[in-house]
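Colleague: Pasting work_0.pdb here (PDB, C-alpha atoms):
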ATOM      1  CA  MET A   1       1.858  18.540  -3.303
ATOM      2  CA  VAL A   2      -1.903  18.102  -3.560
ATOM      3  CA  GLU A   3      -2.552  21.125  -5.778
ATOM      4  CA  ARG A   4       0.517  20.859  -8.017
ATOM      5  CA  GLN A   5       1.034  17.111  -8.323
ATOM      6  CA  LEU A   6      -2.075  15.137  -7.473
ATOM      7  CA  VAL A   7      -5.000  17.137  -8.853
ATOM      8  CA  PRO A   8      -3.359  17.904 -12.225
ATOM      9  CA  ARG A   9      -2.567  14.194 -12.688
ATOM     10  CA  GLY A  10      -6.127  13.020 -12.211
ATOM     11  CA  ILE A  11      -6.608  12.355  -8.511
ATOM     12  CA  VAL A  12     -10.223  13.418  -8.030
ATOM     13  CA  ASP A  13     -11.341  11.547  -4.903
ATOM     14  CA  GLN A  14     -11.729  14.358  -2.375
ATOM     15  CA  ARG A  15     -11.352  12.024   0.603
ATOM     16  CA  VAL A  16      -7.985  10.861  -0.746
ATOM     17  CA  LEU A  17      -6.862  14.432  -1.464
ATOM     18  CA  ASP A  18      -7.853  15.541   2.036
ATOM     19  CA  ALA A  19      -6.063  12.561   3.591
ATOM     20  CA  MET A  20      -2.895  13.264   1.621
ATOM     21  CA  ALA A  21      -3.041  16.881   2.776
ATOM     22  CA  ARG A  22      -3.371  15.899   6.433
ATOM     23  CA  VAL A  23      -0.573  13.332   6.754
ATOM     24  CA  PRO A  24       2.868  14.890   7.482
ATOM     25  CA  ARG A  25       4.921  13.001   4.903
ATOM     26  CA  HIS A  26       8.184  14.590   6.057
ATOM     27  CA  LEU A  27       7.912  12.667   9.339
ATOM     28  CA  PHE A  28       7.954   9.342   7.463
ATOM     29  CA  VAL A  29      11.320   9.818   5.729
ATOM     30  CA  PRO A  30      14.881   9.966   7.132
ATOM     31  CA  PRO A  31      15.797  13.430   8.478
ATOM     32  CA  ASP A  32      18.303  14.038   5.679
ATOM     33  CA  ALA A  33      15.534  13.505   3.117
ATOM     34  CA  ALA A  34      12.874  15.651   4.798
ATOM     35  CA  ALA A  35      13.480  18.571   2.419
ATOM     36  CA  TYR A  36      12.465  16.313  -0.484
ATOM     37  CA  ALA A  37       9.543  14.573   1.236
ATOM     38  CA  TYR A  38       6.839  16.280  -0.843
ATOM     39  CA  ASP A  39       8.585  15.923  -4.211
ATOM     40  CA  ASP A  40       6.845  13.512  -6.560
ATOM     41  CA  HIS A  41       9.359  10.676  -6.502
ATOM     42  CA  PRO A  42      10.227   7.770  -4.201
ATOM     43  CA  LEU A  43      12.832   8.146  -1.464
ATOM     44  CA  PRO A  44      15.048   5.545   0.256
ATOM     45  CA  ILE A  45      14.051   4.619   3.809
ATOM     46  CA  GLY A  46      16.586   1.879   4.606
ATOM     47  CA  ASP A  47      16.852  -1.910   4.189
ATOM     48  CA  GLY A  48      16.781  -1.412   0.420
ATOM     49  CA  GLN A  49      13.207  -0.098   0.583
ATOM     50  CA  THR A  50      11.618   3.158  -0.521
ATOM     51  CA  ILE A  51       8.642   5.345   0.299
ATOM     52  CA  SER A  52       6.470   5.496  -2.834
ATOM     53  CA  GLN A  53       5.987   8.785  -4.648
ATOM     54  CA  PRO A  54       2.912  10.719  -3.487
ATOM     55  CA  TYR A  55       1.046  10.327  -6.786
ATOM     56  CA  ILE A  56       1.320   6.537  -6.713
ATOM     57  CA  VAL A  57       0.087   6.384  -3.110
ATOM     58  CA  ALA A  58      -2.876   8.600  -4.002
ATOM     59  CA  LEU A  59      -3.650   6.647  -7.182
ATOM     60  CA  MET A  60      -3.604   3.290  -5.415
ATOM     61  CA  LEU A  61      -5.890   4.497  -2.636
ATOM     62  CA  GLN A  62      -8.248   6.225  -5.062
ATOM     63  CA  GLU A  63      -8.591   3.043  -7.112
ATOM     64  CA  ALA A  64      -9.096   0.949  -3.952
ATOM     65  CA  ARG A  65     -12.236   3.020  -3.230
ATOM     66  CA  ILE A  66     -11.812   2.764   0.539
ATOM     67  CA  GLY A  67     -14.901   3.605   2.545
ATOM     68  CA  PRO A  68     -15.084   4.886   6.123
ATOM     69  CA  PHE A  69     -16.271   1.517   7.452
ATOM     70  CA  ASP A  70     -13.755  -0.628   5.535
ATOM     71  CA  THR A  71     -11.061  -2.959   6.853
ATOM     72  CA  VAL A  72      -7.863  -2.664   4.808
ATOM     73  CA  LEU A  73      -4.683  -4.723   4.555
ATOM     74  CA  ASP A  74      -1.640  -2.611   3.664
ATOM     75  CA  VAL A  75       1.123  -4.867   2.339
ATOM     76  CA  GLY A  76       4.630  -3.456   2.662
ATOM     77  CA  THR A  77       4.508  -1.002   5.565
ATOM     78  CA  GLY A  78       7.864   0.584   4.826
ATOM     79  CA  SER A  79       7.969   3.868   6.728
ATOM     80  CA  GLY A  80       4.239   3.699   7.502
ATOM     81  CA  TYR A  81       3.263   6.636   5.290
ATOM     82  CA  ALA A  82       0.731   4.824   3.091
ATOM     83  CA  ALA A  83      -0.722   3.157   6.187
ATOM     84  CA  ALA A  84      -1.232   6.584   7.753
ATOM     85  CA  VAL A  85      -3.047   7.900   4.684
ATOM     86  CA  THR A  86      -5.126   4.714   4.601
ATOM     87  CA  ALA A  87      -6.013   5.164   8.265
ATOM     88  CA  GLU A  88      -7.490   8.554   7.370
ATOM     89  CA  LEU A  89      -9.895   6.728   5.032
ATOM     90  CA  ALA A  90     -10.768   3.388   6.665
ATOM     91  CA  ALA A  91     -12.198   2.064   9.916
ATOM     92  CA  ARG A  92      -9.397  -0.456  10.470
ATOM     93  CA  VAL A  93      -5.936  -0.823   8.930
ATOM     94  CA  VAL A  94      -3.566  -3.763   9.299
ATOM     95  CA  SER A  95      -0.126  -3.147   7.816
ATOM     96  CA  ILE A  96       2.345  -5.982   7.288
ATOM     97  CA  GLU A  97       6.114  -5.607   6.837
ATOM     98  CA  ARG A  98       8.754  -8.330   6.512
ATOM     99  CA  HIS A  99      11.651  -6.172   7.816
ATOM    100  CA  PRO A 100      11.397  -6.091  11.637
ATOM    101  CA  ALA A 101      13.347  -2.843  11.986
ATOM    102  CA  LEU A 102      11.145  -1.030   9.483
ATOM    103  CA  ALA A 103       8.007  -2.429  11.111
ATOM    104  CA  SER A 104       9.154  -1.268  14.545
ATOM    105  CA  ASP A 105      10.068   2.226  13.376
ATOM    106  CA  ALA A 106       6.833   2.588  11.408
ATOM    107  CA  ALA A 107       4.739   1.454  14.358
ATOM    108  CA  ALA A 108       6.440   4.000  16.601
ATOM    109  CA  THR A 109       5.933   6.831  14.105
ATOM    110  CA  LEU A 110       2.277   5.950  13.537
ATOM    111  CA  ALA A 111       1.583   5.707  17.266
ATOM    112  CA  ALA A 112       3.327   9.018  17.968
ATOM    113  CA  LEU A 113       1.110  10.705  15.383
ATOM    114  CA  GLY A 114      -2.043   9.116  16.763
ATOM    115  CA  TYR A 115      -2.765   6.704  13.926
ATOM    116  CA  ASP A 116      -4.542   3.519  15.007
ATOM    117  CA  VAL A 117      -2.780   1.059  12.683
ATOM    118  CA  SER A 118      -1.943  -2.546  13.576
ATOM    119  CA  VAL A 119       1.608  -3.050  12.297
ATOM    120  CA  VAL A 120       2.631  -6.707  12.095
ATOM    121  CA  THR A 121       5.828  -8.392  10.963
ATOM    122  CA  GLY A 122       5.475 -11.220   8.490
ATOM    123  CA  ASP A 123       5.328 -12.472   4.920
ATOM    124  CA  GLY A 124       3.021 -10.098   3.092
ATOM    125  CA  SER A 125       2.299 -12.661   0.384
ATOM    126  CA  LEU A 126       0.424 -14.682   3.024
ATOM    127  CA  GLY A 127      -1.740 -11.733   4.061
ATOM    128  CA  TRP A 128      -2.929 -11.574   7.658
ATOM    129  CA  PRO A 129      -5.893 -13.932   8.161
ATOM    130  CA  GLU A 130      -6.547 -12.858  11.753
ATOM    131  CA  ALA A 131      -8.212  -9.631  10.575
ATOM    132  CA  ALA A 132      -9.859 -10.946   7.394
ATOM    133  CA  PRO A 133     -12.042 -10.478   5.452
ATOM    134  CA  TYR A 134     -10.648  -7.292   3.939
ATOM    135  CA  ASP A 135     -12.604  -4.786   1.918
ATOM    136  CA  ALA A 136      -9.371  -3.731   0.248
ATOM    137  CA  ILE A 137      -5.783  -4.960  -0.011
ATOM    138  CA  VAL A 138      -3.183  -2.464  -1.208
ATOM    139  CA  ALA A 139       0.357  -3.654  -1.893
ATOM    140  CA  ALA A 140       3.558  -1.675  -2.412
ATOM    141  CA  ALA A 141       5.480  -4.549  -4.024
ATOM    142  CA  THR A 142       5.162  -6.291  -7.366
ATOM    143  CA  SER A 143       3.930  -9.859  -7.827
ATOM    144  CA  PRO A 144       3.361 -11.969 -10.961
ATOM    145  CA  ALA A 145      -0.252 -12.510  -9.851
ATOM    146  CA  VAL A 146      -2.544 -12.001  -6.875
ATOM    147  CA  PRO A 147      -1.383 -14.407  -4.138
ATOM    148  CA  GLU A 148      -3.932 -17.090  -3.300
ATOM    149  CA  ALA A 149      -3.958 -16.031   0.358
ATOM    150  CA  TRP A 150      -5.158 -12.573  -0.618
ATOM    151  CA  ARG A 151      -7.981 -14.055  -2.656
ATOM    152  CA  ASP A 152      -9.075 -16.097   0.351
ATOM    153  CA  GLN A 153      -8.942 -13.075   2.673
ATOM    154  CA  LEU A 154     -10.761 -10.662   0.359
ATOM    155  CA  ALA A 155     -14.445  -9.936   0.948
ATOM    156  CA  VAL A 156     -16.946 -10.292  -1.875
ATOM    157  CA  GLY A 157     -16.835  -6.996  -3.718
ATOM    158  CA  GLY A 158     -13.394  -6.306  -2.239
ATOM    159  CA  ARG A 159     -10.583  -4.680  -4.192
ATOM    160  CA  VAL A 160      -6.882  -5.472  -4.546
ATOM    161  CA  VAL A 161      -4.532  -2.815  -5.913
ATOM    162  CA  VAL A 162      -1.111  -4.278  -6.651
ATOM    163  CA  PRO A 163       1.732  -3.938  -9.167
ATOM    164  CA  ILE A 164       1.725  -6.983 -11.452
ATOM    165  CA  GLY A 165       4.820  -8.240 -13.277
ATOM    166  CA  ARG A 166       8.242  -9.750 -12.847
ATOM    167  CA  THR A 167      11.040  -8.110 -10.897
ATOM    168  CA  ARG A 168      13.204  -7.579 -13.981
ATOM    169  CA  GLY A 169      10.404  -7.159 -16.496
ATOM    170  CA  ALA A 170       7.517  -4.866 -17.319
ATOM    171  CA  GLN A 171       5.140  -4.068 -14.481
ATOM    172  CA  HIS A 172       1.698  -2.507 -14.431
ATOM    173  CA  LEU A 173      -0.503  -1.342 -11.599
ATOM    174  CA  ALA A 174      -3.684  -3.414 -11.483
ATOM    175  CA  LEU A 175      -7.051  -3.227  -9.777
ATOM    176  CA  PHE A 176      -8.689  -6.577  -9.033
ATOM    177  CA  GLU A 177     -12.271  -6.893  -7.794
ATOM    178  CA  ARG A 178     -13.746 -10.044  -6.292
ATOM    179  CA  ARG A 179     -17.054 -11.177  -7.718
ATOM    180  CA  ALA A 180     -19.686 -13.165  -5.858
ATOM    181  CA  ASP A 181     -18.444 -16.366  -7.539
ATOM    182  CA  GLY A 182     -14.928 -15.772  -6.168
ATOM    183  CA  MET A 183     -13.396 -14.802  -9.506
ATOM    184  CA  LEU A 184     -11.307 -11.652  -9.856
ATOM    185  CA  THR A 185     -11.748  -9.076 -12.599
ATOM    186  CA  GLU A 186      -8.687  -6.996 -13.543
ATOM    187  CA  THR A 187      -8.269  -3.392 -14.678
ATOM    188  CA  ASN A 188      -4.867  -2.211 -15.916
ATOM    189  CA  LEU A 189      -3.994   1.160 -14.358
ATOM    190  CA  GLY A 190      -0.750   1.805 -16.220
ATOM    191  CA  ALA A 191       2.986   1.122 -16.079
ATOM    192  CA  VAL A 192       4.855   1.281 -12.743
ATOM    193  CA  ALA A 193       8.124   0.109 -11.172
ATOM    194  CA  PHE A 194       8.146  -1.443  -7.686
ATOM    195  CA  VAL A 195      10.400  -3.625  -5.550
ATOM    196  CA  PRO A 196       9.392  -7.324  -5.558
ATOM    197  CA  LEU A 197       6.973  -8.923  -3.129
ATOM    198  CA  LEU A 198       9.195 -11.180  -1.033
ATOM    199  CA  GLY A 199       8.217 -14.367   0.732
ATOM    200  CA  GLU A 200       9.253 -15.683   4.117
ATOM    201  CA  GLN A 201      12.722 -16.691   2.926
ATOM    202  CA  GLY A 202      13.401 -13.339   1.307
ATOM    203  CA  TRP A 203      12.904 -14.650  -2.230
ATOM    204  CA  PRO A 204      10.689 -12.950  -4.825
ATOM    205  CA  VAL A 205       7.197 -14.413  -4.909
ATOM    206  CA  GLU A 206       7.054 -16.130  -8.292
ATOM    207  CA  ASP A 207       3.877 -18.165  -7.870
ATOM    208  CA  ALA A 208       0.357 -17.310  -6.820
TER     209      ALA A 208
END
Render the structure in this file as structure tokens.
Modeller:
Amino acid sequence: MVERQLVPRGIVDQRVLDAMARVPRHLFVPPDAAAYAYDDHPLPIGDGQTISQPYIVALMLQEARIGPFDTVLDVGTGSGYAAAVTAELAARVVSIERHPALASDAAATLAALGYDVSVVTGDGSLGWPEAAPYDAIVAAATSPAVPEAWRDQLAVGGRVVVPIGRTRGAQHLALFERRADGMLTETNLGAVAFVPLLGEQGWPVEDA
């Protein structure tokens, strides 16, 4: 996966490559999908959710520039795979998931593998203020803009990597960085397709 998919497509951060090599991706997918776990495409994990393709996980974490002393908010736990890779890179990881069953299963998998990740159930668009400020926020769901709560919980110099766009329209992966004056600068990282970021009532987040 690392040598054939990630390196040829431009993943150059050695810490990210090493983390991707260490995490057993096949343990984060349903048993009947384990044979396809290292293929470069998303896989269903239940509740209408998917585990992102390896390249996208690696790209998002590379662009987030996570350091060994960073605190990271992972939005959209899913199976817990991205949280596990993030935990290989950061000092502290909080992962938030709105589906209780997915959150419970992910927490159990992460704990069994020895990953110290705080998995919480809640509305990812609201972040998780208890552990803020975050050096990086990485989201596996698309939003029209960066939610205001994330802005408030992001440290100066912090990064947000999130798909931007409408559920039924064009989406692009974006890197936002918080300046000292609180403003965010944006870098377009290319076209993507993600499930929508959902609020507390299960509706797509349309405002920020």
Colleague: Please check which residues have atoms at most 6 Å from (-3.8, -12.2, 6.4) in the file's coordinates, counting only C-alpha atoms, and write them as a VMD selection string.
Modeller: chain A and resid 126 to 129
Colleague: Go through the shown structure with the PyMOL selection byres ((chain A and resi 140) around 6) and write out the matching residues as a PDB file with C-alpha atoms, in the coordinates of the input.
Modeller:
ATOM      1  CA  GLY A  76       4.630  -3.456   2.662  1.00  0.00           C
ATOM      2  CA  ALA A 139       0.357  -3.654  -1.893  1.00  0.00           C
ATOM      3  CA  ALA A 141       5.480  -4.549  -4.024  1.00  0.00           C
TER       4      ALA A 141
END
Colleague: For the structure shown, which residues end up in the PyMOL selection byres ((chain A and resi 75) around 12)? Put them as a VMD selection string, please?
Modeller: chain A and resid 72 to 74 76 to 80 82 to 83 86 93 to 99 103 118 to 128 136 to 143 147 150 160 to 163 196 to 199
Colleague: Would you translate the PyMOL selection byres ((chain A and resi 13-27) around 9) into the concrete set of residues it matches in this file, as a ChimeraX atom specification?
Modeller: /A:1-2,6-7,11-12,28-31,33-38,54,57-59,61-62,65,81,84-89,109
Colleague: What is the distance between atom CA of A:Leu110 and atom CA of A:Ala132, in Å to one decimal?
Modeller: 21.7 Å
Colleague: Distance atom CA of A:His41-atom CA of A:Asp105, one decimal place?
Modeller: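 Pair atom CA of A:His41 / atom CA of A:Asp105 returns 21.6 Å.
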Colleague: Of the residues A:Phe176, A:Arg151, A:Gly46, A:Glu130, which is the one nearest to A:Met60, using all atoms listed in the file?
Modeller: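 So, comparing all the options, the nearest one is A:Phe176.
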Colleague: Identify which of the residues A:Gln53, A:Thr71, A:Gln171, A:Asn188 lies closest to A:Asp39, counting only C-alpha atoms when measuring atom-to-atom distances.
Modeller: A:Gln53
Colleague: One number please: atom CA of A:Leu173 to atom CA of A:Pro144, in Å, one decimal.
Modeller: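 Spanning atom CA of A:Leu173 to atom CA of A:Pro144 is a straight-line distance of 11.3 Å.
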Colleague: From the set A:Leu113, A:Ile164, A:Ala108, A:Ala90, which residue has the shortest atom-to-atom contact distance to A:Gly67, counting only C-alpha atoms?
Modeller: A:Ala90
